[in-house]
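Trainee: my_file-v2.pdb is reproduced in full below (PDB, C-alpha atoms, pLDDT in the B column).
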ATOM      1  CA  MET S   1     -12.415   1.922  -4.541  1.00 94.00           C
ATOM      2  CA  GLU S   2     -12.594  -1.040  -6.948  1.00 96.00           C
ATOM      3  CA  GLN S   3      -8.810  -1.105  -7.312  1.00 96.00           C
ATOM      4  CA  LEU S   4      -8.441  -1.056  -3.524  1.00 97.00           C
ATOM      5  CA  LEU S   5     -10.921  -3.907  -3.085  1.00 97.00           C
ATOM      6  CA  SER S   6      -8.987  -5.882  -5.680  1.00 96.00           C
ATOM      7  CA  ILE S   7      -5.728  -5.345  -3.778  1.00 96.00           C
ATOM      8  CA  LEU S   8      -7.341  -6.291  -0.461  1.00 96.00           C
ATOM      9  CA  THR S   9      -8.964  -9.416  -1.871  1.00 96.00           C
ATOM     10  CA  GLU S  10      -5.726 -10.494  -3.534  1.00 95.00           C
ATOM     11  CA  CYS S  11      -3.889 -10.139  -0.227  1.00 92.00           C
ATOM     12  CA  CYS S  12      -6.540 -11.822   1.918  1.00 94.00           C
ATOM     13  CA  PRO S  13      -9.054 -13.732  -0.229  1.00 95.00           C
ATOM     14  CA  ASP S  14     -10.955 -15.182   2.745  1.00 95.00           C
ATOM     15  CA  ILE S  15     -12.121 -11.795   4.063  1.00 96.00           C
ATOM     16  CA  ASP S  16     -15.292 -10.003   2.937  1.00 96.00           C
ATOM     17  CA  PHE S  17     -13.837  -6.509   2.675  1.00 96.00           C
ATOM     18  CA  GLU S  18     -17.072  -5.014   1.378  1.00 95.00           C
ATOM     19  CA  HIS S  19     -18.934  -5.748   4.627  1.00 96.00           C
ATOM     20  CA  GLU S  20     -16.417  -6.145   7.466  1.00 96.00           C
ATOM     21  CA  THR S  21     -15.993  -3.130   9.735  1.00 96.00           C
ATOM     22  CA  ALA S  22     -13.695  -4.555  12.427  1.00 97.00           C
ATOM     23  CA  LEU S  23     -10.817  -6.091  10.476  1.00 97.00           C
ATOM     24  CA  VAL S  24      -8.244  -5.227  13.127  1.00 96.00           C
ATOM     25  CA  ASP S  25     -10.486  -5.311  16.196  1.00 96.00           C
ATOM     26  CA  ASP S  26     -11.783  -8.801  15.305  1.00 97.00           C
ATOM     27  CA  GLU S  27      -8.239  -9.910  14.363  1.00 95.00           C
ATOM     28  CA  LEU S  28      -9.231 -10.743  10.790  1.00 96.00           C
ATOM     29  CA  LEU S  29      -6.122  -8.928   9.571  1.00 95.00           C
ATOM     30  CA  ALA S  30      -2.892 -10.204  11.108  1.00 92.00           C
ATOM     31  CA  SER S  31       0.112  -7.915  11.459  1.00 91.00           C
ATOM     32  CA  LEU S  32       1.798  -9.614   8.523  1.00 94.00           C
ATOM     33  CA  ASP S  33      -1.297  -8.958   6.387  1.00 95.00           C
ATOM     34  CA  ILE S  34      -1.120  -5.281   7.296  1.00 95.00           C
ATOM     35  CA  VAL S  35       2.583  -5.129   6.429  1.00 95.00           C
ATOM     36  CA  MET S  36       1.850  -6.674   3.012  1.00 95.00           C
ATOM     37  CA  LEU S  37      -1.054  -4.297   2.446  1.00 96.00           C
ATOM     38  CA  VAL S  38       0.988  -1.241   3.408  1.00 97.00           C
ATOM     39  CA  GLY S  39       3.709  -2.215   0.928  1.00 97.00           C
ATOM     40  CA  GLU S  40       1.191  -2.812  -1.841  1.00 97.00           C
ATOM     41  CA  LEU S  41      -0.731   0.398  -1.124  1.00 97.00           C
ATOM     42  CA  ASN S  42       2.458   2.470  -0.992  1.00 98.00           C
ATOM     43  CA  GLU S  43       3.584   1.067  -4.333  1.00 97.00           C
ATOM     44  CA  THR S  44       0.226   1.182  -6.112  1.00 97.00           C
ATOM     45  CA  TYR S  45      -0.821   4.648  -4.996  1.00 97.00           C
ATOM     46  CA  GLY S  46       2.589   6.326  -4.656  1.00 97.00           C
ATOM     47  CA  ILE S  47       2.006   7.139  -0.996  1.00 98.00           C
ATOM     48  CA  SER S  48       3.954   6.630   2.207  1.00 98.00           C
ATOM     49  CA  ILE S  49       2.011   5.057   5.053  1.00 98.00           C
ATOM     50  CA  THR S  50       3.926   5.738   8.268  1.00 97.00           C
ATOM     51  CA  VAL S  51       3.891   4.115  11.685  1.00 95.00           C
ATOM     52  CA  ASP S  52       1.606   6.929  12.877  1.00 97.00           C
ATOM     53  CA  ASP S  53      -0.969   5.792  10.277  1.00 97.00           C
ATOM     54  CA  LEU S  54      -1.014   2.216  11.615  1.00 96.00           C
ATOM     55  CA  VAL S  55      -4.012   2.618  13.901  1.00 96.00           C
ATOM     56  CA  PRO S  56      -7.127   0.423  13.919  1.00 95.00           C
ATOM     57  CA  GLU S  57      -9.355   3.245  12.642  1.00 96.00           C
ATOM     58  CA  ASN S  58      -7.382   3.288   9.382  1.00 97.00           C
ATOM     59  CA  PHE S  59      -7.466  -0.480   8.852  1.00 97.00           C
ATOM     60  CA  ASN S  60     -10.752  -1.736  10.373  1.00 97.00           C
ATOM     61  CA  SER S  61     -12.605  -1.490   7.050  1.00 98.00           C
ATOM     62  CA  ALA S  62     -12.051  -1.040   3.349  1.00 97.00           C
ATOM     63  CA  GLN S  63     -13.661   2.388   3.713  1.00 97.00           C
ATOM     64  CA  GLY S  64     -11.139   3.335   6.405  1.00 98.00           C
ATOM     65  CA  ILE S  65      -8.239   2.169   4.253  1.00 98.00           C
ATOM     66  CA  TYR S  66      -9.673   4.043   1.261  1.00 98.00           C
ATOM     67  CA  ALA S  67      -9.994   7.233   3.336  1.00 98.00           C
ATOM     68  CA  LEU S  68      -6.376   6.866   4.467  1.00 98.00           C
ATOM     69  CA  VAL S  69      -5.166   6.412   0.888  1.00 98.00           C
ATOM     70  CA  GLN S  70      -7.159   9.437  -0.300  1.00 97.00           C
ATOM     71  CA  ARG S  71      -5.878  11.576   2.572  1.00 97.00           C
ATOM     72  CA  LEU S  72      -2.255  10.655   1.833  1.00 98.00           C
ATOM     73  CA  ARG S  73      -2.658  11.116  -1.926  1.00 96.00           C
ATOM     74  CA  ASN S  74      -4.132  14.582  -1.480  1.00 94.00           C
ATOM     75  CA  GLY S  75      -1.371  15.677   0.862  1.00 83.00           C
TER      76      GLY S  75
END
Could you take the file, read its structure, and then write that structure out as structure tokens?
Mentor:
Amino acid sequence: MEQLLSILTECCPDIDFEHETALVDDELLASLDIVMLVGELNETYGISITVDDLVPENFNSAQGIYALVQRLRNG
């Protein structure tokens, strides 16, 4: 989780990823931010986030993103 928080903070330093739970719903993450995050997550974790994975539930919080990464890493 620490590595993920580091990636998120590097991408969007103005967002408190440890406490926010509506990153997409509150429009804190713009579509370009999500595109950058997806690329970084795919590269860092050796996963493939698809269009089907791009739903608010997966990106509204660091915990949601972490769960997505874990799910994709574990097949």
Trainee: Could you check the closest approach to S:Ala62 for each of S:Ile49, S:Leu4, S:Ile15, S:Ile34 and tell me which residue wins, using only C-alpha atoms?
Mentor: S:Leu4
Trainee: Using only C-alpha atoms for the distances, tell me which of S:Thr21, S:Asn42, S:Ser31, S:Gln3 is nearest to S:Gly64.
Mentor: S:Thr21
Trainee: Hey, which of S:Val69, S:Leu28, S:Asn74, S:Thr9 ends up closest to S:Thr44? Count only C-alpha atoms.
Mentor: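 Ranking S:Val69, S:Leu28, S:Asn74, S:Thr9 by distance to S:Thr44, first place goes to S:Val69.
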Trainee: Please compute the atom CA of S:Val55-atom CA of S:Ser6 distance, one decimal, in Å.
Mentor: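 Between atom CA of S:Val55 and atom CA of S:Ser6 the gap is 21.9 Å.
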Trainee: Please compute the atom CA of S:Thr50-atom CA of S:Leu5 distance, one decimal, in Å.
Mentor: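 Spanning atom CA of S:Thr50 to atom CA of S:Leu5 is a straight-line distance of 21.0 Å.
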Trainee: Hey, can you check how far atom CA of S:His19 sits from atom CA of S:Ser61?
Mentor: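 Here the two named atoms are 8.0 Å from each other.
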Trainee: Could you work out an axis-aligned box for stretch 46-61 of chain S, taking every atom the file lists and adding 4 Å on each side, and report centre and edge lengths in Å to one decimal, as AutoDock Vina command-line options?
Mentor:
--center_x -4.3 --center_y 2.7 --center_z 4.6 --size_x 24.6 --size_y 16.9 --size_z 26.6
Trainee: Care to translate the PyMOL selection byres ((chain S and resi 53) around 12) into actual residues of this file, as an NGL selection string?
Mentor: :S and (34 or 38 or 47-52 or 54-59 or 64-65 or 67-69 or 71-72)
Trainee: Write a file of the selected residues as a short mmCIF file (atom, residue, chain, number, x, y, z; two decimals), keeping the file's coordinate frame, keeping C-alpha atoms.
Mentor:
data_model
loop_
_atom_site.label_atom_id
_atom_site.label_comp_id
_atom_site.auth_asym_id
_atom_site.auth_seq_id
_atom_site.Cartn_x
_atom_site.Cartn_y
_atom_site.Cartn_z
CA ILE S 34 -1.12 -5.28 7.30
CA VAL S 38 0.99 -1.24 3.41
CA ILE S 47 2.01 7.14 -1.00
CA SER S 48 3.95 6.63 2.21
CA ILE S 49 2.01 5.06 5.05
CA THR S 50 3.93 5.74 8.27
CA VAL S 51 3.89 4.12 11.68
CA ASP S 52 1.61 6.93 12.88
CA LEU S 54 -1.01 2.22 11.62
CA VAL S 55 -4.01 2.62 13.90
CA PRO S 56 -7.13 0.42 13.92
CA GLU S 57 -9.36 3.24 12.64
CA ASN S 58 -7.38 3.29 9.38
CA PHE S 59 -7.47 -0.48 8.85
CA GLY S 64 -11.14 3.34 6.40
CA ILE S 65 -8.24 2.17 4.25
CA ALA S 67 -9.99 7.23 3.34
CA LEU S 68 -6.38 6.87 4.47
CA VAL S 69 -5.17 6.41 0.89
CA ARG S 71 -5.88 11.58 2.57
CA LEU S 72 -2.26 10.66 1.83
#
Trainee: From the list S:Leu29, S:Tyr45, S:Gly39, S:Gln70, which residue is nearest S:Pro13 when using only C-alpha atoms?
Mentor: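 Nearest to S:Pro13: S:Leu29.
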Trainee: Between S:Glu2, S:Asn60, S:Arg73, S:Glu40, which residue has the minimum interatomic distance to S:Glu27, considering all atoms listed in the file?
Mentor: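 Selected residue with least distance to S:Glu27: S:Asn60.
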Trainee: Go through S:Gly46, S:Gln63, S:Leu37, S:Gly75 and flag the residue nearest S:Glu10, using only C-alpha atoms for the distances.
Mentor: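 Under the stated criterion, the closest residue is S:Leu37.
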